[in-house]
>>> print(open('query.cif').read())   # mmCIF, C-alpha atoms
data_my_file
#
loop_
_atom_site.label_atom_id
_atom_site.label_comp_id
_atom_site.auth_asym_id
_atom_site.auth_seq_id
_atom_site.Cartn_x
_atom_site.Cartn_y
_atom_site.Cartn_z
CA PHE A 27 22.42 -1.31 -16.34
CA ARG A 28 22.84 2.42 -16.56
CA VAL A 29 19.30 3.61 -15.79
CA CYS A 30 18.74 1.24 -12.89
CA ALA A 31 22.08 1.87 -11.24
CA ASN A 32 23.58 5.27 -11.98
CA LYS A 33 20.26 7.03 -12.43
CA MET A 34 18.42 5.42 -9.55
CA SER A 35 18.08 8.72 -7.71
CA SER A 36 16.27 10.18 -10.74
CA LEU A 37 13.75 7.34 -10.83
CA VAL A 38 12.65 7.62 -7.21
CA SER A 39 11.53 11.02 -5.98
CA ASN A 40 8.90 12.71 -3.90
CA VAL A 41 5.50 12.95 -5.59
CA SER A 42 3.81 16.31 -6.09
CA ASN A 43 0.32 16.56 -7.56
CA PRO A 44 -0.89 20.17 -7.33
CA HIS A 45 -3.48 19.76 -10.10
CA LYS A 46 -4.98 16.66 -8.44
CA PHE A 47 -4.48 14.43 -11.46
CA SER A 48 -6.01 10.98 -11.10
CA TRP A 49 -5.79 8.18 -13.65
CA GLN A 50 -9.34 7.55 -14.81
CA GLN A 51 -9.37 5.46 -18.02
CA THR A 52 -7.70 3.29 -20.63
CA MET A 53 -9.28 3.42 -24.08
CA LEU A 54 -9.35 0.58 -26.61
CA ARG A 55 -11.04 0.51 -30.01
CA ILE A 56 -13.33 -2.46 -30.60
CA LYS A 57 -15.04 -4.05 -33.59
CA ASP A 58 -18.35 -5.17 -32.05
CA PRO A 59 -19.71 -4.01 -28.67
CA LYS A 60 -22.14 -6.94 -28.61
CA LEU A 61 -19.07 -9.16 -28.23
CA SER A 62 -16.62 -6.97 -26.31
CA VAL A 63 -18.87 -5.57 -23.59
CA PRO A 64 -20.21 -8.99 -22.49
CA PHE A 65 -16.68 -10.41 -22.68
CA TYR A 66 -15.45 -8.11 -19.92
CA VAL A 67 -18.72 -8.08 -17.95
CA ASP A 68 -19.46 -11.82 -17.97
CA ASN A 69 -15.91 -13.18 -17.81
CA PHE A 70 -14.05 -10.67 -15.66
CA GLY A 71 -16.72 -9.00 -13.55
CA PHE A 72 -16.60 -5.52 -15.07
CA THR A 73 -19.71 -3.35 -14.76
CA LEU A 74 -20.98 -0.98 -17.43
CA ILE A 75 -21.10 2.37 -15.62
CA HIS A 76 -21.89 4.75 -18.49
CA LYS A 77 -22.45 4.86 -22.24
CA TYR A 78 -22.40 7.59 -24.87
CA ASP A 79 -23.86 7.40 -28.38
CA PHE A 80 -22.79 10.01 -30.91
CA PRO A 81 -24.80 9.28 -34.08
CA GLN A 82 -23.66 12.57 -35.62
CA TRP A 83 -20.06 11.35 -35.46
CA LYS A 84 -20.96 7.65 -35.86
CA PHE A 85 -19.34 6.23 -32.74
CA SER A 86 -20.29 5.03 -29.25
CA LEU A 87 -18.33 4.82 -26.01
CA TYR A 88 -18.76 2.17 -23.32
CA PHE A 89 -17.21 2.70 -19.88
CA LEU A 90 -16.65 -0.35 -17.68
CA ALA A 91 -15.06 -0.77 -14.25
CA THR A 92 -14.60 -3.38 -11.55
CA LEU A 93 -16.51 -2.11 -8.53
CA SER A 94 -16.90 -3.04 -4.90
CA GLU A 95 -20.23 -4.44 -3.72
CA GLU A 96 -20.98 -1.09 -2.11
CA GLU A 97 -20.34 0.77 -5.35
CA ARG A 98 -22.44 -1.63 -7.42
CA SER A 99 -25.39 -1.27 -5.06
CA ALA A 100 -25.35 2.52 -5.45
CA LEU A 101 -24.74 2.61 -9.21
CA PRO A 102 -27.10 4.94 -11.10
CA GLU A 103 -28.88 3.89 -14.28
CA VAL A 104 -26.50 3.80 -17.25
CA GLY A 105 -26.87 6.59 -19.78
CA THR A 106 -28.34 9.11 -17.35
CA PRO A 107 -26.94 12.44 -16.14
CA ALA A 108 -26.26 10.71 -12.81
CA SER A 109 -24.09 8.03 -14.41
CA GLU A 110 -22.34 10.71 -16.46
CA GLN A 111 -21.58 12.67 -13.30
CA LEU A 112 -20.24 9.51 -11.66
CA LEU A 113 -17.96 8.84 -14.63
CA TRP A 114 -16.27 12.24 -14.54
CA SER A 115 -15.86 12.30 -10.77
CA MET A 116 -14.92 8.68 -10.09
CA LYS A 117 -11.94 7.84 -7.91
CA GLY A 118 -11.10 4.63 -9.76
CA VAL A 119 -10.00 3.65 -13.25
CA CYS A 120 -12.32 2.44 -16.00
CA LEU A 121 -11.97 0.76 -19.36
CA GLU A 122 -13.32 2.82 -22.25
CA LEU A 123 -14.33 0.77 -25.30
CA THR A 124 -14.74 2.85 -28.46
CA HIS A 125 -16.94 1.51 -31.26
CA ASN A 126 -17.03 3.17 -34.67
CA HIS A 127 -20.41 2.34 -36.12
CA GLY A 128 -20.39 -0.20 -38.92
CA THR A 129 -17.16 -2.00 -38.06
CA GLU A 130 -19.17 -4.92 -36.68
CA ASP A 131 -20.38 -5.64 -40.23
CA ASP A 132 -17.01 -5.19 -41.92
CA PRO A 133 -15.35 -8.60 -42.41
CA ASP A 134 -11.98 -6.95 -43.03
CA PHE A 135 -11.96 -4.72 -39.95
CA LYS A 136 -9.39 -5.48 -37.31
CA VAL A 137 -7.45 -3.66 -34.61
CA SER A 138 -3.81 -3.82 -33.59
CA SER A 139 -3.23 -5.66 -30.31
CA GLY A 140 0.01 -3.75 -29.84
CA ASN A 141 2.04 -6.95 -29.60
CA VAL A 142 2.98 -7.71 -33.21
CA GLU A 143 5.86 -6.00 -34.98
CA PRO A 144 6.04 -3.36 -36.35
CA LEU A 145 3.03 -2.18 -34.35
CA ARG A 146 4.21 -2.93 -30.82
CA GLY A 147 3.44 -0.34 -28.16
CA PHE A 148 0.44 -1.00 -25.91
CA GLY A 149 0.96 -4.40 -24.34
CA HIS A 150 -2.05 -5.59 -22.38
CA LEU A 151 -4.69 -5.11 -19.77
CA ALA A 152 -4.52 -7.27 -16.67
CA VAL A 153 -6.95 -8.62 -14.12
CA MET A 154 -6.15 -10.04 -10.70
CA THR A 155 -7.72 -13.13 -9.14
CA PRO A 156 -6.91 -15.37 -6.16
CA ASP A 157 -6.32 -18.56 -8.22
CA VAL A 158 -4.93 -18.05 -11.72
CA TYR A 159 -4.98 -21.76 -12.60
CA ALA A 160 -8.60 -22.35 -11.57
CA ALA A 161 -9.80 -19.10 -13.16
CA SER A 162 -8.00 -19.82 -16.43
CA ALA A 163 -9.38 -23.35 -16.61
CA GLU A 164 -12.92 -22.09 -16.04
CA LEU A 165 -12.55 -19.33 -18.62
CA GLU A 166 -11.26 -21.72 -21.27
CA GLN A 167 -13.28 -24.84 -20.57
CA GLN A 168 -16.61 -23.37 -19.49
CA ARG A 169 -16.68 -19.97 -21.19
CA GLY A 170 -14.75 -20.61 -24.39
CA VAL A 171 -12.18 -17.86 -23.83
CA LYS A 172 -9.10 -18.21 -26.02
CA PHE A 173 -5.60 -17.98 -24.56
CA GLN A 174 -2.31 -16.60 -25.79
CA LYS A 175 -0.58 -18.29 -22.84
CA ARG A 176 -1.92 -20.64 -20.18
CA PRO A 177 -0.54 -20.42 -16.63
CA ASP A 178 1.61 -23.55 -16.95
CA GLU A 179 3.10 -22.58 -20.33
CA GLY A 180 6.28 -20.65 -21.07
CA LYS A 181 9.06 -19.65 -18.72
CA MET A 182 6.88 -17.53 -16.45
CA LYS A 183 4.58 -19.93 -14.60
CA GLY A 184 1.53 -18.87 -12.65
CA LEU A 185 0.27 -16.15 -14.97
CA ALA A 186 -1.79 -16.34 -18.11
CA PHE A 187 -2.80 -14.23 -21.10
CA ALA A 188 -6.36 -14.46 -22.38
CA LEU A 189 -7.46 -12.99 -25.71
CA ASP A 190 -10.47 -10.70 -25.94
CA PRO A 191 -12.73 -10.65 -29.05
CA ASP A 192 -10.41 -8.18 -30.82
CA GLY A 193 -7.21 -10.03 -29.94
CA TYR A 194 -6.13 -7.70 -27.14
CA TRP A 195 -4.14 -9.52 -24.46
CA VAL A 196 -5.64 -9.72 -20.95
CA GLU A 197 -3.08 -10.88 -18.41
CA ILE A 198 -4.39 -12.89 -15.47
CA ILE A 199 -2.28 -12.50 -12.34
CA ARG A 200 -2.53 -13.65 -8.74
CA ARG A 201 -4.11 -11.60 -5.99
CA SER A 202 -2.38 -11.83 -2.62
CA ALA A 203 -3.61 -14.68 -0.43
CA GLU A 204 -3.42 -12.44 2.60
CA SER A 205 -6.42 -10.52 3.86
CA CYS A 206 -6.30 -7.56 1.48
CA THR A 207 -8.49 -4.52 1.83
CA ALA A 208 -9.86 -2.42 -0.98
CA SER A 209 -8.30 0.67 0.57
CA ASN A 210 -4.84 -0.92 0.37
CA GLY A 211 -3.28 1.37 -2.17
CA GLY A 212 -6.33 0.99 -4.36
CA SER A 213 -8.43 3.63 -6.00
CA ALA A 214 -11.98 2.55 -6.85
CA GLY A 215 -13.37 0.63 -3.98
CA GLY A 216 -14.50 0.99 -0.44
CA SER A 217 -12.99 -0.58 2.63
CA GLY A 218 -13.18 -4.23 3.60
CA THR A 219 -11.98 -7.51 2.18
CA VAL A 220 -11.92 -7.73 -1.61
CA SER A 221 -14.70 -10.14 -2.57
CA ASN A 222 -14.46 -9.68 -6.35
CA LYS A 223 -13.36 -12.75 -8.25
CA PHE A 224 -11.51 -10.44 -10.64
CA THR A 225 -10.35 -6.84 -10.35
CA TYR A 226 -8.87 -4.60 -13.02
CA ALA A 227 -5.13 -4.75 -12.25
CA GLN A 228 -2.97 -3.20 -14.98
CA THR A 229 -2.56 -1.33 -18.21
CA MET A 230 0.84 -2.02 -19.77
CA LEU A 231 2.67 0.30 -22.16
CA ARG A 232 6.12 -0.22 -23.65
CA ILE A 233 8.41 2.78 -23.29
CA LYS A 234 11.70 3.83 -24.88
CA ASP A 235 13.32 5.78 -22.03
CA PRO A 236 12.26 5.26 -18.39
CA ALA A 237 13.85 8.50 -17.19
CA LYS A 238 11.64 10.51 -19.56
CA SER A 239 8.50 8.44 -19.01
CA LEU A 240 8.78 8.45 -15.23
CA HIS A 241 9.31 12.19 -15.29
CA PHE A 242 6.06 12.52 -17.25
CA TYR A 243 3.84 10.15 -15.27
CA ARG A 244 5.36 10.59 -11.82
CA ASP A 245 6.69 14.16 -11.73
CA LEU A 246 4.13 15.86 -14.00
CA LEU A 247 1.00 13.73 -13.52
CA GLY A 248 1.63 12.93 -9.86
CA MET A 249 1.65 9.13 -9.93
CA THR A 250 3.57 7.17 -7.29
CA LEU A 251 6.22 4.68 -8.38
CA LEU A 252 5.28 1.63 -6.32
CA ARG A 253 7.51 -1.09 -7.70
CA GLN A 254 10.45 -1.66 -10.05
CA VAL A 255 11.59 -5.02 -11.43
CA ASP A 256 14.89 -5.42 -13.33
CA LEU A 257 15.49 -8.65 -15.24
CA GLY A 258 18.40 -9.75 -17.42
CA VAL A 259 20.58 -6.79 -16.49
CA GLY A 260 23.63 -6.78 -18.76
CA THR A 261 22.12 -9.22 -21.27
CA ASP A 262 20.73 -8.56 -24.73
CA TRP A 263 17.23 -9.42 -23.51
CA GLY A 264 17.18 -7.36 -20.30
CA PHE A 265 14.13 -5.34 -19.38
CA SER A 266 12.64 -3.40 -16.48
CA LEU A 267 9.08 -2.96 -15.29
CA PHE A 268 7.83 0.15 -13.49
CA PHE A 269 4.46 0.09 -11.70
CA LEU A 270 2.71 3.38 -10.90
CA ALA A 271 -0.61 4.45 -9.43
CA HIS A 272 -2.32 7.49 -7.98
CA LEU A 273 -2.64 7.24 -4.22
CA SER A 274 -4.77 9.66 -2.24
CA ASP A 275 -3.41 11.55 0.74
CA GLU A 276 -5.53 9.31 2.95
CA GLU A 277 -4.10 6.16 1.40
CA LEU A 278 -0.55 7.44 1.71
CA ALA A 279 -1.14 8.27 5.38
CA SER A 280 -3.03 5.13 6.42
CA ASN A 281 -1.21 2.56 4.32
CA PRO A 282 1.96 3.98 2.77
CA PRO A 283 3.72 1.87 0.13
CA PRO A 284 7.09 0.28 1.00
CA ALA A 285 10.04 2.62 0.56
CA ASP A 286 12.08 -0.10 -1.19
CA ILE A 287 10.40 -0.38 -4.60
CA ARG A 288 12.37 -3.56 -5.41
CA SER A 289 11.38 -5.42 -2.26
CA PRO A 290 9.00 -8.38 -1.90
CA GLU A 291 6.84 -6.05 0.19
CA ALA A 292 6.44 -3.73 -2.81
CA SER A 293 5.21 -6.66 -4.88
CA GLU A 294 2.82 -7.71 -2.14
CA TYR A 295 1.51 -4.17 -1.81
CA ILE A 296 0.47 -4.13 -5.47
CA ASN A 297 -1.01 -7.62 -5.22
CA CYS A 298 -3.32 -6.36 -2.46
CA MET A 299 -4.59 -3.33 -4.37
CA PHE A 300 -8.16 -3.03 -5.56
CA GLY A 301 -7.42 -0.54 -8.33
CA PRO A 302 -5.00 -0.96 -11.24
CA VAL A 303 -1.43 0.14 -11.80
CA LEU A 304 0.12 1.58 -14.93
CA GLU A 305 2.92 -0.80 -15.94
CA LEU A 306 5.69 0.74 -18.04
CA THR A 307 7.92 -1.83 -19.75
CA HIS A 308 11.42 -0.83 -20.83
CA ASN A 309 13.65 -3.05 -22.97
CA HIS A 310 17.19 -2.10 -22.02
CA GLY A 311 19.09 -0.11 -24.60
CA THR A 312 16.19 1.39 -26.52
CA GLU A 313 16.90 4.76 -24.91
CA ASP A 314 20.22 4.89 -26.79
CA GLN A 315 18.73 4.17 -30.23
CA PRO A 316 17.94 7.48 -31.96
CA ASP A 317 15.45 6.01 -34.45
CA PHE A 318 13.70 3.64 -32.06
CA LYS A 319 10.02 4.23 -31.41
CA TYR A 320 6.85 2.40 -30.44
CA TYR A 321 3.51 2.60 -32.24
CA ASN A 322 1.05 4.77 -30.34
CA GLY A 323 -2.07 2.96 -31.61
CA ASN A 324 -3.51 6.04 -33.32
CA ASP A 325 -1.37 6.89 -36.34
CA GLU A 326 -2.76 5.83 -39.71
CA GLY A 327 0.27 5.68 -41.97
CA PRO A 328 1.01 2.89 -44.47
CA GLY A 329 0.74 -0.51 -42.80
CA GLN A 330 -0.51 0.93 -39.52
CA VAL A 331 -3.68 -0.41 -37.85
CA ARG A 332 -5.25 1.45 -34.95
CA GLY A 333 -6.10 -0.21 -31.64
CA PHE A 334 -5.15 1.23 -28.25
CA GLY A 335 -6.29 4.84 -28.06
CA HIS A 336 -5.13 6.56 -24.89
CA THR A 337 -4.96 6.75 -21.15
CA GLY A 338 -7.02 9.45 -19.46
CA PHE A 339 -6.55 11.57 -16.31
CA LEU A 340 -8.99 13.76 -14.41
CA CYS A 341 -7.86 17.08 -12.95
CA ASP A 342 -9.44 19.90 -10.95
CA ASP A 343 -8.64 22.79 -13.34
CA LEU A 344 -8.17 21.76 -16.95
CA GLU A 345 -6.85 25.08 -18.22
CA ALA A 346 -4.32 25.46 -15.41
CA ALA A 347 -3.23 21.82 -15.62
CA CYS A 348 -2.66 21.99 -19.38
CA ALA A 349 -0.82 25.31 -19.06
CA SER A 350 1.45 23.74 -16.46
CA LEU A 351 2.13 20.71 -18.64
CA GLU A 352 2.84 22.89 -21.67
CA SER A 353 5.25 25.04 -19.64
CA SER A 354 7.07 21.81 -18.76
CA GLY A 355 7.58 21.03 -22.44
CA VAL A 356 4.64 18.69 -22.99
CA ALA A 357 3.23 18.79 -26.53
CA PHE A 358 -0.51 18.71 -27.22
CA LYS A 359 -2.62 17.12 -29.93
CA LYS A 360 -5.70 19.02 -28.74
CA LYS A 361 -5.82 21.90 -26.31
CA PRO A 362 -8.90 22.50 -24.11
CA GLN A 363 -10.56 25.08 -26.39
CA GLU A 364 -9.89 23.26 -29.64
CA GLY A 365 -12.18 20.82 -31.47
CA ASN A 366 -15.84 19.90 -30.96
CA MET A 367 -15.54 18.56 -27.42
CA ARG A 368 -14.87 20.96 -24.55
CA GLY A 369 -13.70 20.05 -21.08
CA LEU A 370 -10.87 17.83 -22.30
CA ALA A 371 -7.48 17.94 -23.99
CA PHE A 372 -5.02 15.45 -25.47
CA ALA A 373 -1.32 15.59 -24.62
CA TYR A 374 1.53 13.43 -25.91
CA ASP A 375 3.68 11.43 -23.51
CA PRO A 376 7.41 10.89 -24.32
CA ASP A 377 6.55 7.93 -26.60
CA ASN A 378 3.77 9.85 -28.39
CA TYR A 379 1.04 7.88 -26.67
CA TRP A 380 -2.07 10.03 -26.40
CA VAL A 381 -2.98 11.13 -22.87
CA GLU A 382 -6.43 12.60 -22.37
CA ILE A 383 -6.68 15.33 -19.73
CA ILE A 384 -10.25 15.80 -18.48
CA GLN A 385 -11.95 18.39 -16.31
CA ARG A 386 -13.19 16.63 -13.18
CA LYS A 387 -17.00 16.95 -12.98
CA GLY A 388 -16.77 19.26 -15.97
CA ILE A 389 -18.12 17.29 -18.94
CA ALA A 390 -21.82 17.12 -19.77
CA MET A 391 -22.62 15.55 -23.12
CA LEU A 392 -26.10 14.21 -22.42
#
>>> encode(input="query.cif", output="structure tokens")
Amino acid sequence: FRVCANKMSSLVSNVSNPHKFSWQQTMLRIKDPKLSVPFYVDNFGFTLIHKYDFPQWKFSLYFLATLSEEERSALPEVGTPASEQLLWSMKGVCLELTHNHGTEDDPDFKVSSGNVEPLRGFGHLAVMTPDVYAASAELEQQRGVKFQKRPDEGKMKGLAFALDPDGYWVEIIRRSAESCTASNGGSAGGSGTVSNKFTYAQTMLRIKDPAKSLHFYRDLLGMTLLRQVDLGVGTDWGFSLFFLAHLSDEELASNPPPADIRSPEASEYINCMFGPVLELTHNHGTEDQPDFKYYNGNDEGPGQVRGFGHTGFLCDDLEAACASLESSGVAFKKKPQEGNMRGLAFAYDPDNYWVEIIQRKGIAML
């Protein structure tokens, strides 16, 4: 496999993050917040940390995260300036659910899960739990959650895919049985043993060319490549998985990730994390197909249905960060001074997924 072998040196490199980027959100569009918000809160232990209502533009935003006990105890009241300040300064990653008013009453409204051709692109969210089988059984039998795949089905045993109210896939994967600490490579969480039944574990995006995507997320946005998995090398079904996260200087010093990103230790490192990783999935050969592309979840051409919206990253100086990205050849949908909302921008990654760039502590909409 050309990228994994001959280009290995280009996929692993030292991380530089001068603009202090940190992954802060994954946005999904939803039909009905009265269904979606309780789904993640009641079933997977997410906490609503902030909410925006924009009646003038007819949409609302709900921000949810899996928090440590210490963080939950200090959480400010939702919808206040204090919760807004927390949102735009948080060290972890949240799930942003976007509701366009009126869709809950539209029987024909639906979103794209990102997993059905020709609209594949975004793949899934994931949560981590100590016992996938027991958790899946409880979710299905006691809570009525529907499943795309149960843990004992298919070729890959021990993991499951639940379906949220809009049909988005939520992978359920195993947390390490060892004594894992929330500071172990994780953002969002204090120190000590992870007591959460579930933690937010992944956002998965399909990519065309790993060399280009890793350059964007690792070299430009400062994420660390923690793990690489190559399966079916040389076959017509081969694919690779790349797992990235933002690690603080303290985390890198106190608990550095394994140098061998293909090792069992690299897998174990991720399975001990409190915060999520960005999983980039590459089907071998797509990089050599000139017309190949994934659906970014936002375009509204014939036959296209929106769903996944974007990932989002905080930075210390929005103007300088965007200028640096633009000088590196990154294209923008919205620059910082454009549009109604200040303090943020939207860039395009190599697959045309939208990437929100946000001024840390710099947004005040309340």
>>> closest_residue(input="query.cif", among="A:Pro59, A:Gly140, A:Gly147, A:Pro328", to="Ser86 in chain A", atoms="all atoms listed in the file")
A:Pro59
>>> resolve_selection(input="query.cif", expression="the PyMOL selection byres ((chain A and resi 121) around 6)", output="list in words")
Gln51, Thr52, Phe89, Leu90, Cys120 and Glu122 of chain A
>>> write_last_selection(input="query.cif", atoms="C-alpha atoms", output="mmCIF file, in the frame of the given file")
data_model
loop_
_atom_site.group_PDB
_atom_site.id
_atom_site.type_symbol
_atom_site.label_atom_id
_atom_site.label_comp_id
_atom_site.auth_asym_id
_atom_site.auth_seq_id
_atom_site.Cartn_x
_atom_site.Cartn_y
_atom_site.Cartn_z
ATOM 1 C CA GLN A 51 -9.370 5.460 -18.020
ATOM 2 C CA THR A 52 -7.700 3.290 -20.630
ATOM 3 C CA PHE A 89 -17.210 2.700 -19.880
ATOM 4 C CA LEU A 90 -16.650 -0.350 -17.680
ATOM 5 C CA CYS A 120 -12.320 2.440 -16.000
ATOM 6 C CA GLU A 122 -13.320 2.820 -22.250
#
>>> atom_distance(input="query.cif", atom1="CA of Gly301 in chain A", atom2="CA of Ala152 in chain A")
11.1 Å
>>> closest_residue(input="query.cif", among="A:Tyr78, A:Tyr379, A:Trp195, A:Phe135", to="Arg232 in chain A", atoms="all atoms listed in the file")
A:Tyr379
>>> residues_around(input="query.cif", residues="Pro102 in chain A", least_positions_apart="2", cutoff="12 Å", atoms="all atoms listed in the file", output="number ranges by chain")
A: 73-76, 97-100, 104-113
>>> resolve_selection(input="query.cif", expression="the PyMOL selection byres ((chain A and resi 217-231) around 8)", output="ChimeraX atom specification")
/A:52,70-72,91-94,147-156,205-209,215-216,232-233,300-307
>>> closest_residue(input="query.cif", among="A:His272, A:Lys172, A:Arg201, A:His310", to="Asp235 in chain A", atoms="only C-alpha atoms")
A:His310
>>> residues_around(input="query.cif", residues="range 251-264 of chain A", least_positions_apart="2", cutoff="10 Å", atoms="all atoms listed in the file", output="PyMOL selection string")
chain A and resi 27-28+30+37-41+211+240+243-244+248-249+266-273+282-296+303-311
>>> atom_distance(input="query.cif", atom1="CA of His336 in chain A", atom2="CA of Ile384 in chain A")
12.4 Å
>>> closest_residue(input="query.cif", among="A:Ala186, A:Gln330, A:Glu95, A:Ala373", to="Ser350 in chain A", atoms="all atoms listed in the file")
A:Ala373
>>> atom_distance(input="query.cif", atom1="CA of Asn324 in chain A", atom2="CA of Ile56 in chain A")
13.3 Å
>>> resolve_selection(input="query.cif", expression="the PyMOL selection byres ((chain A and resi 370) around 9)", output="PyMOL selection string")
chain A and resi 344+360-363+367-369+371-372+382-385+388-389
>>> closest_residue(input="query.cif", among="A:Asn69, A:Thr250, A:Gln174, A:Ser138", to="Ala161 in chain A", atoms="all atoms listed in the file")
A:Asn69
>>> residues_around(input="query.cif", residues="Leu123 in chain A", least_positions_apart="5", cutoff="6 Å", atoms="only C-alpha atoms", output="ChimeraX atom specification")
/A:53-55,87-88
>>> closest_residue(input="query.cif", among="A:Lys60, A:Arg200, A:Lys387, A:Lys319", to="Cys298 in chain A", atoms="all atoms listed in the file")
A:Arg200
>>> residues_around(input="query.cif", residues="Asp131 in chain A", least_positions_apart="3", cutoff="12 Å", atoms="only C-alpha atoms", output="list of chain:residue names")
A:Lys57, A:Asp58, A:Pro59, A:Lys60, A:His125, A:Asn126, A:His127, A:Gly128, A:Asp134, A:Phe135, A:Lys136
>>> write_last_selection(input="query.cif", atoms="C-alpha atoms", output="PDB file, keeping the file's coordinate frame")
ATOM      1  CA  LYS A  57     -15.040  -4.050 -33.590  1.00  0.00           C
ATOM      2  CA  ASP A  58     -18.350  -5.170 -32.050  1.00  0.00           C
ATOM      3  CA  PRO A  59     -19.710  -4.010 -28.670  1.00  0.00           C
ATOM      4  CA  LYS A  60     -22.140  -6.940 -28.610  1.00  0.00           C
ATOM      5  CA  HIS A 125     -16.940   1.510 -31.260  1.00  0.00           C
ATOM      6  CA  ASN A 126     -17.030   3.170 -34.670  1.00  0.00           C
ATOM      7  CA  HIS A 127     -20.410   2.340 -36.120  1.00  0.00           C
ATOM      8  CA  GLY A 128     -20.390  -0.200 -38.920  1.00  0.00           C
ATOM      9  CA  ASP A 134     -11.980  -6.950 -43.030  1.00  0.00           C
ATOM     10  CA  PHE A 135     -11.960  -4.720 -39.950  1.00  0.00           C
ATOM     11  CA  LYS A 136      -9.390  -5.480 -37.310  1.00  0.00           C
TER      12      LYS A 136
END
